[in-house]
Each structure stands twice: as structure tokens, then as C-alpha cells.
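Student: What follows is run.txt, compact mmCIF, C-alpha atoms.
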# COMPACT_ATOMS: atom_id res chain seq x y z
CA MET L 1 -49.37 -7.90 10.01
CA HIS L 2 -47.43 -7.34 6.78
CA ASN L 3 -44.43 -9.42 5.85
CA VAL L 4 -41.64 -6.92 5.20
CA ARG L 5 -39.27 -7.86 2.39
CA GLN L 6 -35.59 -7.84 3.13
CA LEU L 7 -33.98 -6.35 0.03
CA GLN L 8 -30.42 -7.32 0.94
CA ASN L 9 -29.53 -8.60 -2.54
CA ILE L 10 -30.33 -8.27 -6.23
CA ALA L 11 -31.40 -11.29 -8.26
CA LEU L 12 -31.20 -11.06 -12.04
CA ILE L 13 -33.58 -13.26 -13.97
CA GLY L 14 -34.23 -13.47 -17.69
CA PHE L 15 -33.53 -15.45 -20.80
CA MET L 16 -30.06 -16.58 -21.87
CA GLY L 17 -28.19 -13.86 -23.71
CA THR L 18 -29.89 -10.93 -21.98
CA GLY L 19 -26.73 -10.01 -20.07
CA LYS L 20 -27.34 -11.38 -16.56
CA THR L 21 -23.71 -12.32 -15.97
CA SER L 22 -21.99 -9.34 -17.61
CA VAL L 23 -24.46 -6.82 -16.16
CA GLY L 24 -24.48 -8.59 -12.80
CA ARG L 25 -20.72 -8.25 -12.43
CA LEU L 26 -20.97 -4.52 -13.18
CA VAL L 27 -23.83 -4.00 -10.69
CA ALA L 28 -21.87 -5.86 -8.00
CA GLU L 29 -18.82 -3.70 -8.70
CA ALA L 30 -20.86 -0.48 -8.55
CA LEU L 31 -22.53 -1.39 -5.23
CA HIS L 32 -19.49 -3.16 -3.71
CA PHE L 33 -21.48 -6.40 -3.57
CA GLU L 34 -20.38 -9.99 -4.15
CA PHE L 35 -21.36 -11.52 -7.50
CA VAL L 36 -22.56 -15.11 -7.88
CA ASP L 37 -23.97 -17.03 -10.82
CA THR L 38 -26.31 -19.93 -9.99
CA ASP L 39 -25.02 -22.01 -12.92
CA GLU L 40 -21.42 -21.56 -11.72
CA LEU L 41 -22.46 -22.50 -8.16
CA ILE L 42 -24.09 -25.69 -9.47
CA GLU L 43 -20.96 -26.55 -11.46
CA GLU L 44 -18.79 -25.99 -8.36
CA TYR L 45 -21.16 -28.01 -6.16
CA THR L 46 -21.39 -30.99 -8.55
CA GLY L 47 -17.94 -30.80 -10.13
CA ARG L 48 -19.69 -31.10 -13.50
CA LYS L 49 -20.59 -28.79 -16.39
CA ILE L 50 -24.24 -27.76 -16.87
CA THR L 51 -24.27 -29.42 -20.30
CA GLU L 52 -23.20 -32.71 -18.72
CA ILE L 53 -25.88 -32.51 -16.02
CA PHE L 54 -28.52 -31.87 -18.69
CA SER L 55 -27.34 -34.69 -20.96
CA LYS L 56 -26.72 -37.34 -18.28
CA ASP L 57 -29.27 -36.51 -15.56
CA GLY L 58 -31.89 -34.50 -17.46
CA GLU L 59 -33.46 -31.09 -16.95
CA PRO L 60 -35.54 -32.08 -13.86
CA ALA L 61 -32.35 -33.02 -11.97
CA PHE L 62 -30.78 -29.71 -12.94
CA ARG L 63 -33.88 -27.78 -11.80
CA ALA L 64 -33.71 -29.55 -8.42
CA LEU L 65 -30.10 -28.36 -8.05
CA GLU L 66 -31.21 -24.80 -8.89
CA LYS L 67 -33.84 -24.92 -6.14
CA LYS L 68 -31.23 -26.07 -3.60
CA VAL L 69 -28.89 -23.22 -4.60
CA VAL L 70 -31.68 -20.62 -4.25
CA GLU L 71 -32.46 -21.92 -0.75
CA GLU L 72 -28.79 -21.56 0.23
CA LEU L 73 -28.52 -18.05 -1.26
CA ALA L 74 -31.23 -16.81 1.12
CA ALA L 75 -28.53 -16.53 3.81
CA LYS L 76 -26.48 -14.09 1.69
CA THR L 77 -26.41 -10.31 1.95
CA LYS L 78 -24.93 -7.69 -0.39
CA THR L 79 -24.91 -10.12 -3.29
CA VAL L 80 -25.88 -9.83 -6.94
CA ILE L 81 -27.21 -13.18 -8.13
CA ALA L 82 -27.32 -14.05 -11.83
CA THR L 83 -29.75 -16.93 -12.32
CA GLY L 84 -30.12 -19.50 -15.05
CA GLY L 85 -32.79 -18.62 -17.62
CA GLY L 86 -35.24 -21.31 -16.49
CA LEU L 87 -34.80 -20.86 -12.74
CA PRO L 88 -37.84 -18.58 -12.24
CA THR L 89 -40.18 -21.07 -13.93
CA ASN L 90 -40.30 -22.84 -10.59
CA PRO L 91 -42.67 -20.60 -8.59
CA ASP L 92 -40.94 -21.63 -5.35
CA ASN L 93 -37.66 -20.19 -6.67
CA LEU L 94 -39.30 -16.89 -7.60
CA THR L 95 -41.06 -16.60 -4.23
CA LYS L 96 -37.85 -17.41 -2.37
CA LEU L 97 -35.79 -14.91 -4.40
CA LYS L 98 -38.36 -12.19 -3.71
CA SER L 99 -38.07 -12.87 0.03
CA PHE L 100 -34.43 -11.72 0.13
CA ALA L 101 -33.71 -9.83 -3.10
CA LEU L 102 -34.95 -7.21 -5.50
CA VAL L 103 -35.78 -9.35 -8.54
CA VAL L 104 -34.81 -7.68 -11.81
CA CYS L 105 -35.65 -9.24 -15.16
CA LEU L 106 -33.34 -8.47 -18.05
CA TRP L 107 -35.22 -8.59 -21.34
CA ALA L 108 -34.28 -8.51 -25.03
CA SER L 109 -36.00 -9.32 -28.31
CA GLU L 110 -35.79 -12.82 -29.79
CA GLU L 111 -33.64 -11.42 -32.59
CA LYS L 112 -31.19 -9.77 -30.19
CA ILE L 113 -30.96 -12.93 -28.08
CA TRP L 114 -30.25 -15.06 -31.18
CA GLU L 115 -27.60 -12.57 -32.30
CA ARG L 116 -25.91 -12.85 -28.88
CA VAL L 117 -26.07 -16.64 -28.32
CA ARG L 118 -25.92 -18.26 -31.76
CA HIS L 119 -22.17 -18.97 -31.56
CA GLN L 120 -22.20 -20.22 -27.96
CA SER L 121 -21.87 -24.00 -27.63
CA HIS L 122 -22.38 -24.08 -23.84
CA ARG L 123 -26.16 -23.48 -24.10
CA PRO L 124 -27.73 -26.96 -23.72
CA LEU L 125 -31.24 -25.80 -24.57
CA LEU L 126 -30.05 -24.53 -27.96
CA HIS L 127 -28.76 -27.95 -29.06
CA ASP L 128 -31.87 -28.20 -31.21
CA ASP L 129 -32.70 -28.61 -34.91
CA ASP L 130 -34.29 -25.15 -34.97
CA PRO L 131 -32.68 -23.05 -32.20
CA GLN L 132 -34.52 -19.86 -33.21
CA LYS L 133 -37.88 -21.62 -32.82
CA LYS L 134 -36.64 -23.01 -29.48
CA ILE L 135 -35.84 -19.45 -28.32
CA HIS L 136 -39.32 -18.32 -29.38
CA ASP L 137 -41.02 -21.25 -27.65
CA LEU L 138 -39.02 -20.87 -24.42
CA LEU L 139 -39.61 -17.09 -24.29
CA THR L 140 -43.34 -17.70 -24.74
CA LEU L 141 -43.30 -20.27 -21.93
CA ARG L 142 -41.09 -18.29 -19.55
CA GLY L 143 -42.44 -14.80 -20.26
CA PRO L 144 -45.19 -14.93 -17.61
CA PHE L 145 -42.61 -15.88 -14.96
CA TYR L 146 -40.16 -13.19 -16.06
CA ARG L 147 -42.90 -10.55 -15.88
CA GLN L 148 -43.33 -11.28 -12.15
CA ALA L 149 -40.02 -9.54 -11.45
CA ASP L 150 -40.01 -6.35 -9.41
CA VAL L 151 -38.27 -4.48 -12.25
CA LEU L 152 -38.02 -5.25 -15.98
CA VAL L 153 -35.11 -3.79 -17.95
CA ASN L 154 -34.72 -4.05 -21.71
CA THR L 155 -31.06 -4.74 -22.52
CA GLY L 156 -31.44 -4.78 -26.30
CA LEU L 157 -30.42 -1.18 -27.01
CA ARG L 158 -28.25 -0.33 -24.01
CA SER L 159 -24.68 -1.14 -23.08
CA PRO L 160 -24.12 -3.46 -20.11
CA ARG L 161 -22.78 -0.48 -18.12
CA GLU L 162 -25.94 1.58 -18.79
CA VAL L 163 -28.13 -1.36 -17.74
CA ALA L 164 -26.02 -1.87 -14.60
CA GLN L 165 -26.37 1.82 -13.65
CA GLN L 166 -30.14 1.59 -14.05
CA ILE L 167 -30.33 -1.53 -11.86
CA ALA L 168 -28.13 0.01 -9.15
CA LEU L 169 -30.43 3.05 -9.12
CA GLN L 170 -33.57 0.87 -8.99
CA TYR L 171 -32.07 -1.04 -6.06
CA LYS L 172 -31.28 2.14 -4.12
CA LEU L 173 -34.81 3.45 -4.74
CA ALA L 174 -36.38 0.14 -3.71
CA ARG L 175 -34.37 0.07 -0.47
CA ARG L 176 -35.78 3.49 0.45
CA ALA L 177 -39.42 2.61 -0.29
CA PRO L 178 -41.61 0.88 2.30
CA HIS L 179 -42.12 -2.80 1.30
CA THR L 180 -44.88 -5.21 2.09
As C-alpha cells, what does this structure read like?

Tutor:
Amino acid sequence: MHNVRQLQNIALIGFMGTGKTSVGRLVAEALHFEFVDTDELIEEYTGRKITEIFSKDGEPAFRALEKKVVEELAAKTKTVIATGGGLPTNPDNLTKLKSFALVVCLWASEEKIWERVRHQSHRPLLHDDDPQKKIHDLLTLRGPFYRQADVLVNTGLRSPREVAQQIALQYKLARRAPHT
């Protein structure tokens, strides 16, 4: 017997600066869905900023919080979920997301990502001597996980609204197709 996927939600994965939050809000608006951001949920849950969790507790503690949030999101319907850039590197997170959501990876070139994030101080993984090398290294590491998404969308040359329209269309098409 085949396990039928319940595509009740959309989960956006991808590297920082690819537009998950801005595009996610637009997709939610277009489909009349709720919008949630896993990083914001973690901050609400802990009462602490992501940068503080990273600096005081370390990345493994943060990743454990991400896993807990993904488990809780499985109960949601009609929700667009923007995930943290490293969330899908835990295979359990990716498997869980795919059980209740169409997983869409937003993609952009290293150059475009750097252009978008270089002035943002709230990115703990970019607090590095060579942030451009860090982006390259993380994209190389995370790429295989990102490519496991149901849909990949390049955001480098499109406006957030155009990307959102494409995702909404992909979701509607996926809901009509038989899933196993």
C-alpha cells in the first residue's frame, strides 16, 4: 500500500538570502494561508534571539529546537512555512516536512546571496573572517539536501511576487496530481 502525502502546507527551504520569508508571506497572502517562520517560532518559544542561542548554546542546541518546531508544525494546515537555511540538513526534518507539505527550495547564486545578506548583522553563520567563503562552503554542504525538495525555484532574476506566483501555481498543480 502506498503512503499518500498530505500536501496541506508549503515549506520553503533554501539558503539565507534566497527570499524564503518575503516570498513566503506573498505565497500565504495569495493562497489565504497562514505564514510562519521557523526562526521566529524558535525565538518566541525560547524568548531569545537566534544569534544568542548560537553564541551561548551552540549550533547543535539550535538544530534540536528546529527539529522540535518541525514536529509541531505537522499538525498545521493551510500554512506556508519559511525554514532556517540549515534546517533541511537534518534528514528527519526533510522527511517530516515532506509528510505534510510541498517542499519548495528557493535558490540563488552565491553572488546574489552575498549581495542580499552582506549588510545583515542578524546572520550568525556569517560572523566569519571570510563570509563569502563561508557562503560557498555552506552552499556546497547543503546543496544535496536542498536538491531533495519537490520543486526548485531560482530567485536570482525574479521579483519576490513572480516567485510567489510560481510557487502558488506549483502547489495547486501538486494538489491535483496523485501522490505516493

Student: Pick the closest to Asp92 of chain L from L:Ala11, L:Ile167, L:Ala64, L:Leu141: which is it, counting only C-alpha atoms?

Tutor: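 Smallest distance to Asp92 of chain L is found for L:Ala64.
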
Student: Can you work out the spacing between atom CA of Thr77 of chain L and atom CA of Lys98 of chain L in Å, to one decimal?

Tutor: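 If I compute the distance from atom CA of Thr77 of chain L to atom CA of Lys98 of chain L, I get 13.4 Å.
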
Student: When distances are computed from only C-alpha atoms, which of L:Leu169, L:Leu139, L:Ile42, L:Ala174 shows the smallest separation from Ile113 of chain L?

Tutor: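 Of L:Leu169, L:Leu139, L:Ile42, L:Ala174, the one nearest Ile113 of chain L, counting only C-alpha atoms, is L:Leu139.
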
Student: Compile the contact shell of segment 53-63 of chain L as a PDB file with C-alpha atoms, in the coordinates of the input: residues with an atom at most 10 Å away, counting only C-alpha atoms, same-chain residues fewer than 4 positions apart removed.

Tutor:
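selection.pdb written:
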ATOM      1  CA  ASP L  39     -25.020 -22.010 -12.920  1.00  0.00           C
ATOM      2  CA  ILE L  42     -24.090 -25.690  -9.470  1.00  0.00           C
ATOM      3  CA  GLU L  43     -20.960 -26.550 -11.460  1.00  0.00           C
ATOM      4  CA  THR L  46     -21.390 -30.990  -8.550  1.00  0.00           C
ATOM      5  CA  ARG L  48     -19.690 -31.100 -13.500  1.00  0.00           C
ATOM      6  CA  LYS L  49     -20.590 -28.790 -16.390  1.00  0.00           C
ATOM      7  CA  LYS L  67     -33.840 -24.920  -6.140  1.00  0.00           C
ATOM      8  CA  LYS L  68     -31.230 -26.070  -3.600  1.00  0.00           C
ATOM      9  CA  VAL L  69     -28.890 -23.220  -4.600  1.00  0.00           C
ATOM     10  CA  GLY L  84     -30.120 -19.500 -15.050  1.00  0.00           C
ATOM     11  CA  GLY L  86     -35.240 -21.310 -16.490  1.00  0.00           C
ATOM     12  CA  LEU L  87     -34.800 -20.860 -12.740  1.00  0.00           C
ATOM     13  CA  THR L  89     -40.180 -21.070 -13.930  1.00  0.00           C
ATOM     14  CA  ASN L  90     -40.300 -22.840 -10.590  1.00  0.00           C
ATOM     15  CA  ASN L  93     -37.660 -20.190  -6.670  1.00  0.00           C
ATOM     16  CA  PRO L 124     -27.730 -26.960 -23.720  1.00  0.00           C
ATOM     17  CA  LEU L 125     -31.240 -25.800 -24.570  1.00  0.00           C
TER      18      LEU L 125
END

Student: When you draw a straight line from atom CA of Pro160 of chain L to atom CA of Leu26 of chain L, how long is it in Å?

Tutor: 7.7 Å

Student: I want to know what sits within 12 Å of Pro88 of chain L, based on all atoms listed in the file, with residues of the same chain fewer than 5 positions away left out; could you give that as a JSON list (two decimals) with C-alpha atoms, in the coordinates of the input?

Tutor:
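Output file out22.json is given in full below:
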[["chain", "number", "residue", "atom", "x", "y", "z"],
["L", 11, "ALA", "CA", -31.40, -11.29, -8.26],
["L", 12, "LEU", "CA", -31.20, -11.06, -12.04],
["L", 13, "ILE", "CA", -33.58, -13.26, -13.97],
["L", 14, "GLY", "CA", -34.23, -13.47, -17.69],
["L", 15, "PHE", "CA", -33.53, -15.45, -20.80],
["L", 38, "THR", "CA", -26.31, -19.93, -9.99],
["L", 63, "ARG", "CA", -33.88, -27.78, -11.80],
["L", 66, "GLU", "CA", -31.21, -24.80, -8.89],
["L", 67, "LYS", "CA", -33.84, -24.92, -6.14],
["L", 70, "VAL", "CA", -31.68, -20.62, -4.25],
["L", 82, "ALA", "CA", -27.32, -14.05, -11.83],
["L", 83, "THR", "CA", -29.75, -16.93, -12.32],
["L", 93, "ASN", "CA", -37.66, -20.19, -6.67],
["L", 94, "LEU", "CA", -39.30, -16.89, -7.60],
["L", 95, "THR", "CA", -41.06, -16.60, -4.23],
["L", 96, "LYS", "CA", -37.85, -17.41, -2.37],
["L", 97, "LEU", "CA", -35.79, -14.91, -4.40],
["L", 98, "LYS", "CA", -38.36, -12.19, -3.71],
["L", 103, "VAL", "CA", -35.78, -9.35, -8.54],
["L", 104, "VAL", "CA", -34.81, -7.68, -11.81],
["L", 105, "CYS", "CA", -35.65, -9.24, -15.16],
["L", 141, "LEU", "CA", -43.30, -20.27, -21.93],
["L", 142, "ARG", "CA", -41.09, -18.29, -19.55],
["L", 143, "GLY", "CA", -42.44, -14.80, -20.26],
["L", 144, "PRO", "CA", -45.19, -14.93, -17.61],
["L", 145, "PHE", "CA", -42.61, -15.88, -14.96],
["L", 146, "TYR", "CA", -40.16, -13.19, -16.06],
["L", 147, "ARG", "CA", -42.90, -10.55, -15.88],
["L", 148, "GLN", "CA", -43.33, -11.28, -12.15],
["L", 149, "ALA", "CA", -40.02, -9.54, -11.45]]

Student: Please indicate the distance in Å from atom CA of Gln132 of chain L to atom CA of Lys112 of chain L, rounded to one decimal place.

Tutor: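 If I compute the distance from atom CA of Gln132 of chain L to atom CA of Lys112 of chain L, I get 11.0 Å.
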
Student: Under the rule that only C-alpha atoms are counted, which of L:Ala101, L:Ala28, L:Ile135, L:Ala164 is the nearest residue to Val117 of chain L?

Tutor: L:Ile135

Student: Nearest to Arg5 of chain L among L:Gln170, L:Ser22, L:Thr79, L:Ser99, with distances taken over all atoms listed in the file: which residue is it?

Tutor: L:Ser99

Student: Using all atoms listed in the file, can you tell me which of L:Ala75, L:Leu102, L:Ile81, L:Val23 comes closest to Asp37 of chain L?

Tutor: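 The answer is L:Ile81, which sits nearest to Asp37 of chain L.
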